[in-house]
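**Q** This one is start-v7.txt, compact mmCIF, C-alpha atoms.
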# COMPACT_ATOMS: atom_id res chain seq x y z
CA ASP A 1 120.36 -34.91 9.15
CA HIS A 2 118.77 -33.31 6.11
CA ARG A 3 122.01 -33.77 4.16
CA GLY A 4 122.24 -37.43 5.17
CA ALA A 5 118.62 -38.01 4.20
CA ALA A 6 119.19 -36.32 0.84
CA GLU A 7 122.24 -38.49 0.16
CA THR A 8 120.26 -41.59 1.08
CA VAL A 9 117.45 -40.58 -1.26
CA ALA A 10 119.97 -39.87 -4.03
CA VAL A 11 121.64 -43.25 -3.58
CA PHE A 12 118.26 -44.98 -3.51
CA ALA A 13 117.16 -43.12 -6.64
CA LEU A 14 120.40 -44.08 -8.39
CA PHE A 15 119.83 -47.67 -7.33
CA LEU A 16 116.31 -47.60 -8.77
CA ILE A 17 117.61 -46.13 -12.02
CA LEU A 18 120.29 -48.81 -12.30
CA CYS A 19 117.77 -51.56 -11.50
CA SER A 20 115.33 -50.15 -14.05
CA TRP A 21 118.05 -49.93 -16.67
CA ALA A 22 119.16 -53.50 -15.95
CA ALA A 23 115.57 -54.74 -16.11
CA LEU A 24 114.97 -52.86 -19.36
CA TRP A 25 118.20 -54.20 -20.88
CA THR A 26 117.28 -57.75 -19.83
CA PHE A 27 113.77 -57.36 -21.22
CA ASN A 28 115.09 -56.02 -24.53
CA ARG A 29 117.64 -58.82 -24.74
CA LEU A 30 115.00 -61.48 -24.07
CA TRP A 31 112.61 -59.85 -26.53
CA GLU A 32 115.28 -59.74 -29.24
CA GLU A 33 116.14 -63.38 -28.61
CA GLU A 34 112.46 -64.33 -28.76
CA VAL A 35 111.96 -62.37 -31.97
CA GLY A 36 115.10 -63.93 -33.43
CA THR A 37 113.91 -67.41 -32.49
CA SER A 38 110.49 -66.71 -34.00
CA ARG A 39 112.10 -65.53 -37.22
CA ILE A 40 114.23 -68.66 -37.40
CA LEU A 41 111.18 -70.86 -36.81
CA LEU A 42 109.18 -68.99 -39.45
CA ALA A 43 112.05 -69.26 -41.93
CA SER A 44 112.40 -72.96 -41.17
CA ASP A 45 108.66 -73.59 -41.60
CA PHE A 46 108.55 -71.64 -44.86
CA THR A 47 111.60 -73.44 -46.24
CA ARG A 48 110.09 -76.80 -45.30
CA ALA A 49 106.81 -75.79 -46.95
CA VAL A 50 108.68 -74.89 -50.15
CA SER A 51 110.45 -78.27 -50.19
CA LEU A 52 107.13 -80.08 -49.68
CA GLY A 53 105.60 -78.01 -52.48
CA VAL A 54 108.37 -78.97 -54.91
CA LYS A 55 108.12 -82.61 -53.80
CA GLY A 56 104.35 -82.64 -54.33
CA GLU A 57 104.65 -81.05 -57.76
CA LEU A 58 107.28 -83.53 -58.96
CA GLU A 59 105.38 -86.54 -57.60
CA GLY A 60 102.23 -85.26 -59.29
CA LEU A 61 104.17 -84.89 -62.52
CA LEU A 62 105.38 -88.48 -62.23
CA GLU A 63 101.84 -89.73 -61.63
CA ASP A 64 100.73 -88.03 -64.86
CA THR A 65 103.86 -88.90 -66.82
CA LEU A 66 103.96 -92.63 -66.09
CA PRO A 67 100.74 -93.60 -67.93
CA LEU A 68 101.57 -91.17 -70.75
CA ALA A 69 104.98 -92.77 -71.26
CA MET A 70 103.44 -96.25 -71.09
CA TYR A 71 100.82 -95.45 -73.71
CA GLU A 72 103.38 -93.96 -76.08
CA ALA A 73 105.68 -96.95 -75.66
CA GLY A 74 102.73 -99.29 -76.17
CA ARG A 75 101.68 -97.68 -79.44
CA ARG A 76 105.24 -97.92 -80.75
CA GLY A 77 105.80 -101.48 -79.55
CA GLU A 78 108.52 -100.36 -77.14
CA GLY A 79 109.32 -101.69 -73.68
CA GLU A 80 110.24 -100.72 -70.14
CA GLU A 81 113.54 -99.03 -71.01
CA GLU A 82 111.82 -96.56 -73.34
CA VAL A 83 109.19 -95.82 -70.67
CA GLU A 84 111.91 -94.99 -68.14
CA LYS A 85 113.74 -92.72 -70.58
CA LYS A 86 110.52 -90.84 -71.39
CA VAL A 87 109.72 -90.32 -67.71
CA LEU A 88 113.21 -88.98 -66.97
CA SER A 89 113.04 -86.67 -69.98
CA LEU A 90 109.73 -85.10 -68.91
CA LEU A 91 110.86 -84.83 -65.29
CA ASN A 92 114.09 -83.06 -66.26
CA ALA A 93 112.19 -80.71 -68.55
CA ARG A 94 110.27 -79.46 -65.50
CA ILE A 95 113.39 -79.25 -63.34
CA LEU A 96 115.09 -77.18 -66.05
CA GLU A 97 112.38 -74.52 -65.67
CA GLY A 98 113.34 -74.06 -62.01
CA TRP A 99 111.33 -72.58 -59.13
CA THR A 100 111.04 -69.01 -57.87
CA TYR A 101 110.01 -68.38 -54.28
CA PRO A 102 110.36 -65.26 -52.13
CA SER A 103 113.30 -65.59 -49.73
CA VAL A 104 114.09 -69.20 -50.71
CA GLU A 105 116.55 -70.33 -53.38
CA VAL A 106 115.84 -73.77 -54.84
CA LYS A 107 118.68 -75.74 -56.43
CA LEU A 108 117.89 -79.05 -58.08
CA PRO A 109 120.25 -80.68 -60.61
CA MET A 110 119.03 -82.79 -63.50
CA VAL A 111 118.00 -86.33 -62.57
CA GLU A 112 120.18 -89.05 -64.09
CA ASN A 113 118.26 -92.06 -62.83
CA LEU A 114 115.29 -93.20 -60.79
CA LEU A 115 114.50 -96.62 -59.37
CA PHE A 116 111.71 -98.29 -61.35
CA LEU A 117 110.24 -101.33 -59.58
CA TRP A 118 108.26 -103.31 -62.15
CA ARG A 119 106.02 -105.79 -60.32
CA PRO A 120 104.48 -108.96 -61.76
CA ASP A 121 100.95 -107.94 -60.70
CA GLY A 122 101.08 -105.02 -63.12
CA SER A 123 101.89 -102.28 -60.61
CA LEU A 124 104.90 -100.01 -60.78
CA GLU A 125 106.68 -98.08 -58.05
CA VAL A 126 109.12 -95.28 -58.79
CA ARG A 127 111.55 -94.06 -56.15
CA GLY A 128 114.24 -91.44 -56.19
CA TRP A 129 116.40 -89.34 -53.89
CA LEU A 130 117.32 -86.01 -55.43
CA PRO A 131 120.27 -83.88 -54.19
CA ALA A 132 118.15 -80.75 -53.89
CA SER A 133 118.90 -77.77 -51.66
CA PHE A 134 116.56 -75.12 -50.26
CA GLU A 135 118.25 -72.06 -48.75
CA HIS A 136 116.35 -69.28 -46.97
CA SER A 137 117.74 -65.76 -46.97
CA GLY A 138 117.61 -65.91 -43.18
CA GLY A 139 120.15 -68.73 -43.16
CA CYS A 140 117.90 -71.78 -42.86
CA LYS A 141 118.85 -74.67 -45.18
CA LEU A 142 117.29 -77.99 -46.16
CA PHE A 143 118.91 -80.68 -48.27
CA GLY A 144 117.57 -83.64 -50.20
CA LEU A 145 114.25 -84.54 -51.76
CA GLU A 146 112.69 -88.01 -51.75
CA LEU A 147 110.18 -89.03 -54.41
CA ARG A 148 107.93 -92.08 -54.28
CA VAL A 149 105.06 -92.78 -56.66
CA GLU A 150 103.02 -95.88 -57.46
CA ALA A 151 101.10 -96.52 -60.66
CA ARG A 152 99.46 -99.27 -62.67
CA GLU A 153 101.81 -100.58 -65.34
CA ARG A 154 99.38 -101.17 -68.18
CA PHE A 155 101.32 -103.79 -70.15
CA LEU A 156 101.96 -106.15 -67.24
CA ARG A 157 98.55 -105.37 -65.81
CA LEU A 158 96.89 -106.89 -68.87
CA LYS A 159 99.06 -109.97 -68.64
CA HIS A 160 98.29 -110.34 -64.95
CA LEU A 161 94.54 -109.99 -65.48
CA ALA A 162 94.67 -112.52 -68.29
CA SER A 163 96.22 -115.05 -65.91
CA ILE A 164 93.63 -114.58 -63.15
CA VAL A 165 90.42 -114.11 -65.13
CA PRO A 166 87.62 -115.46 -62.89
CA LEU A 167 86.33 -118.73 -64.31
CA GLY A 168 82.65 -118.92 -65.09
CA LYS A 169 82.30 -115.16 -65.56
CA SER A 170 80.62 -113.92 -68.70
CA VAL A 171 82.14 -111.22 -70.90
CA GLU A 172 79.49 -108.80 -69.67
CA GLU A 173 80.36 -109.51 -66.03
CA LEU A 174 84.10 -109.10 -66.67
CA ASN A 175 83.57 -105.78 -68.44
CA SER A 176 81.50 -104.61 -65.49
CA LEU A 177 84.21 -105.64 -63.02
CA PHE A 178 87.08 -103.93 -64.84
CA SER A 179 85.34 -101.06 -66.62
CA GLN A 180 87.02 -98.44 -64.43
CA GLU A 181 90.46 -99.56 -65.65
CA GLY A 182 89.66 -98.91 -69.29
CA ILE A 183 90.00 -102.61 -70.18
CA LEU A 184 87.62 -104.31 -72.59
CA PHE A 185 86.94 -108.07 -72.57
CA GLU A 186 85.79 -109.71 -75.80
CA GLU A 187 85.25 -113.28 -76.93
CA GLU A 188 86.82 -114.07 -80.29
CA ASN A 189 86.97 -117.54 -81.89
CA GLY A 190 86.79 -119.30 -78.54
CA ARG A 191 89.39 -117.03 -76.99
CA LEU A 192 89.10 -114.25 -74.48
CA LYS A 193 90.69 -111.02 -75.69
CA LEU A 194 91.70 -108.21 -73.33
CA THR A 195 92.13 -104.79 -74.88
CA ASP A 196 93.40 -101.65 -73.19
CA TYR A 197 91.43 -99.20 -75.30
CA GLN A 198 93.38 -96.28 -73.85
CA ALA A 199 96.76 -97.61 -74.94
CA GLY A 200 95.90 -99.92 -77.81
CA ARG A 201 97.66 -102.93 -76.25
CA ARG A 202 96.07 -106.35 -75.89
CA VAL A 203 96.65 -109.83 -74.52
CA VAL A 204 94.77 -112.82 -75.93
CA VAL A 205 93.96 -115.76 -73.67
CA GLU A 206 92.59 -119.06 -74.87
Represent the supplied structure as C-alpha cells.
**A**
Amino acid sequence: DHRGAAETVAVFALFLILCSWAALWTFNRLWEEEVGTSRILLASDFTRAVSLGVKGELEGLLEDTLPLAMYEAGRRGEGEEEVEKKVLSLLNARILEGWTYPSVEVKLPMVENLLFLWRPDGSLEVRGWLPASFEHSGGCKLFGLELRVEARERFLRLKHLASIVPLGKSVEELNSLFSQEGILFEEENGRLKLTDYQAGRRVVVE
C-alpha cells in the first residue's frame, strides 16, 4: 500500500511538473508574441511619425518658398514658369541634404515636377506625390509622400482685386480692407493704382 501510494504521489508530482512546464512555456510564448507585437506597433508608429515629420517640413518649405519665388519673378518681370522652376530648385536643395533618424532610413529622390494649379482668383495650389520610402530597422516600411499646399499668387491676386474693387469705397477704406495683404491703393490721374509693396508689382485700373 505504501509503495502504491508513493507511486501515485510520484506520478501526480510528475503530472504537476509537466503541467507547470507547459503553462510556463505557453506563458513565455504568449509574452514573446505580445512583446514582438508591441515592438512592431512601436516601430510602425515611429516610422509613420518620421514620414509625417518629413511631409510637414517639406510643406512648410513650400509655403515659405512660393511667395519668395513669386517676388523674385515679379522683380525680374518673369512669369509662372520661372516661379515653378525656382520652387523645384529650392525643394530639391533641401531633399539633397537628406534626413537622419535613429532606426529609420529615409530615401527620397529629387523631384522632377509638381502640379501647380494657378487659379483666376489669385490663389495657387501645389500638389505632388513623391516616391519616398521610410524603412525601420525592425522591418517596418512605408512608401510614398503626398504634398499639398495653398498660397496666394501675388500677380493674379492683384489682377483679381482690380476687377472686383468695391464701388464707392474711398482709397482710405480700401487700404484698411486690404492692409493685411501688403497691398496699397492709390489714386493717380483719375485711376486707381494697386501696388504690392512687398513684391514691387502693380496693376492700374481706370
**Q** Neighbouring residues of A:Ala49 were defined as those with any atom within 12 Å, considering all atoms listed in the file; residues of the same chain fewer than 3 positions away were excluded. Please report them as an mmCIF file with C-alpha atoms, in the coordinates of the input.
**A**
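Final file, out09.cif:
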data_model
loop_
_atom_site.group_PDB
_atom_site.id
_atom_site.type_symbol
_atom_site.label_atom_id
_atom_site.label_comp_id
_atom_site.auth_asym_id
_atom_site.auth_seq_id
_atom_site.Cartn_x
_atom_site.Cartn_y
_atom_site.Cartn_z
ATOM 1 C CA LEU A 42 109.180 -68.990 -39.450
ATOM 2 C CA ALA A 43 112.050 -69.260 -41.930
ATOM 3 C CA SER A 44 112.400 -72.960 -41.170
ATOM 4 C CA ASP A 45 108.660 -73.590 -41.600
ATOM 5 C CA PHE A 46 108.550 -71.640 -44.860
ATOM 6 C CA LEU A 52 107.130 -80.080 -49.680
ATOM 7 C CA GLY A 53 105.600 -78.010 -52.480
ATOM 8 C CA VAL A 54 108.370 -78.970 -54.910
ATOM 9 C CA LYS A 55 108.120 -82.610 -53.800
ATOM 10 C CA GLY A 56 104.350 -82.640 -54.330
ATOM 11 C CA TYR A 101 110.010 -68.380 -54.280
ATOM 12 C CA VAL A 104 114.090 -69.200 -50.710
ATOM 13 C CA PHE A 134 116.560 -75.120 -50.260
ATOM 14 C CA HIS A 136 116.350 -69.280 -46.970
ATOM 15 C CA LEU A 142 117.290 -77.990 -46.160
#
**Q** Closest to A:Leu108 among A:Val126, A:Leu58, A:Leu158, A:Ala132, using all atoms listed in the file?
**A**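 The shortest atom-to-atom distance to A:Leu108 comes from A:Ala132.
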**Q** Between atom CA of A:Glu84 and atom CA of A:Leu145, measure the distance and give it in Å to one decimal.
**A**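 Separation between atom CA of A:Glu84 and atom CA of A:Leu145: 19.6 Å.
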**Q** Between atom CA of A:Ser123 and atom CA of A:Pro67, what is the spacing in Å?
**A**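 It comes out at 11.4 Å.
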**Q** Which residue gives the smallest distance to A:Leu115 among A:Glu97, A:Glu72, A:Glu187, A:Glu146, with only C-alpha atoms counted?
**A**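 Looking only at the distances to A:Leu115, the closest residue turns out to be A:Glu146.
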**Q** By how many Å are atom CA of A:Lys85 and atom CA of A:Gly98 apart?
**A**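 Rounded to one decimal, the two atoms are 20.5 Å apart.
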**Q** With distances taken over all atoms listed in the file, which of A:Met110, A:Cys140, A:Ala73, A:Leu147 is nearest to A:Gly128?
**A**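 Result for the nearest residue to A:Gly128: A:Leu147.
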**Q** Using all atoms listed in the file, find the one residue out of A:Leu130, A:Leu177, A:Ala162, A:Leu66 that sits nearest to A:Glu112.
**A**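 Comparing A:Leu130, A:Leu177, A:Ala162, A:Leu66 against A:Glu112, the winner is A:Leu130.
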**Q** Counting only C-alpha atoms, which of A:Ile164, A:Leu88, A:Ala69, A:Leu62 gets nearest to A:Glu150?
**A**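 Using only C-alpha atoms, the shortest distance to A:Glu150 belongs to A:Leu62.
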**Q** Need the shell around A:Asn175: protein/DNA/RNA residues with any atom at most 8 Å away, counting only C-alpha atoms. Skip same-chain ones fewer than 6 positions apart. Format as a PyMOL selection string?
**A** chain A and resi 183-185
**Q** Listed atoms of stretch 109-128 of chain A, axis-aligned box, 4 Å per side: centre and edge lengths to one decimal in Å, as AutoDock Vina command-line options?
**A**
--center_x 110.6 --center_y -94.8 --center_z -60.1 --size_x 27.3 --size_y 36.3 --size_z 15.9
**Q** Counting all atoms listed in the file, which of A:Asp196, A:Arg148, A:Trp118, A:Ser176 gets nearest to A:Tyr71?
**A** A:Asp196
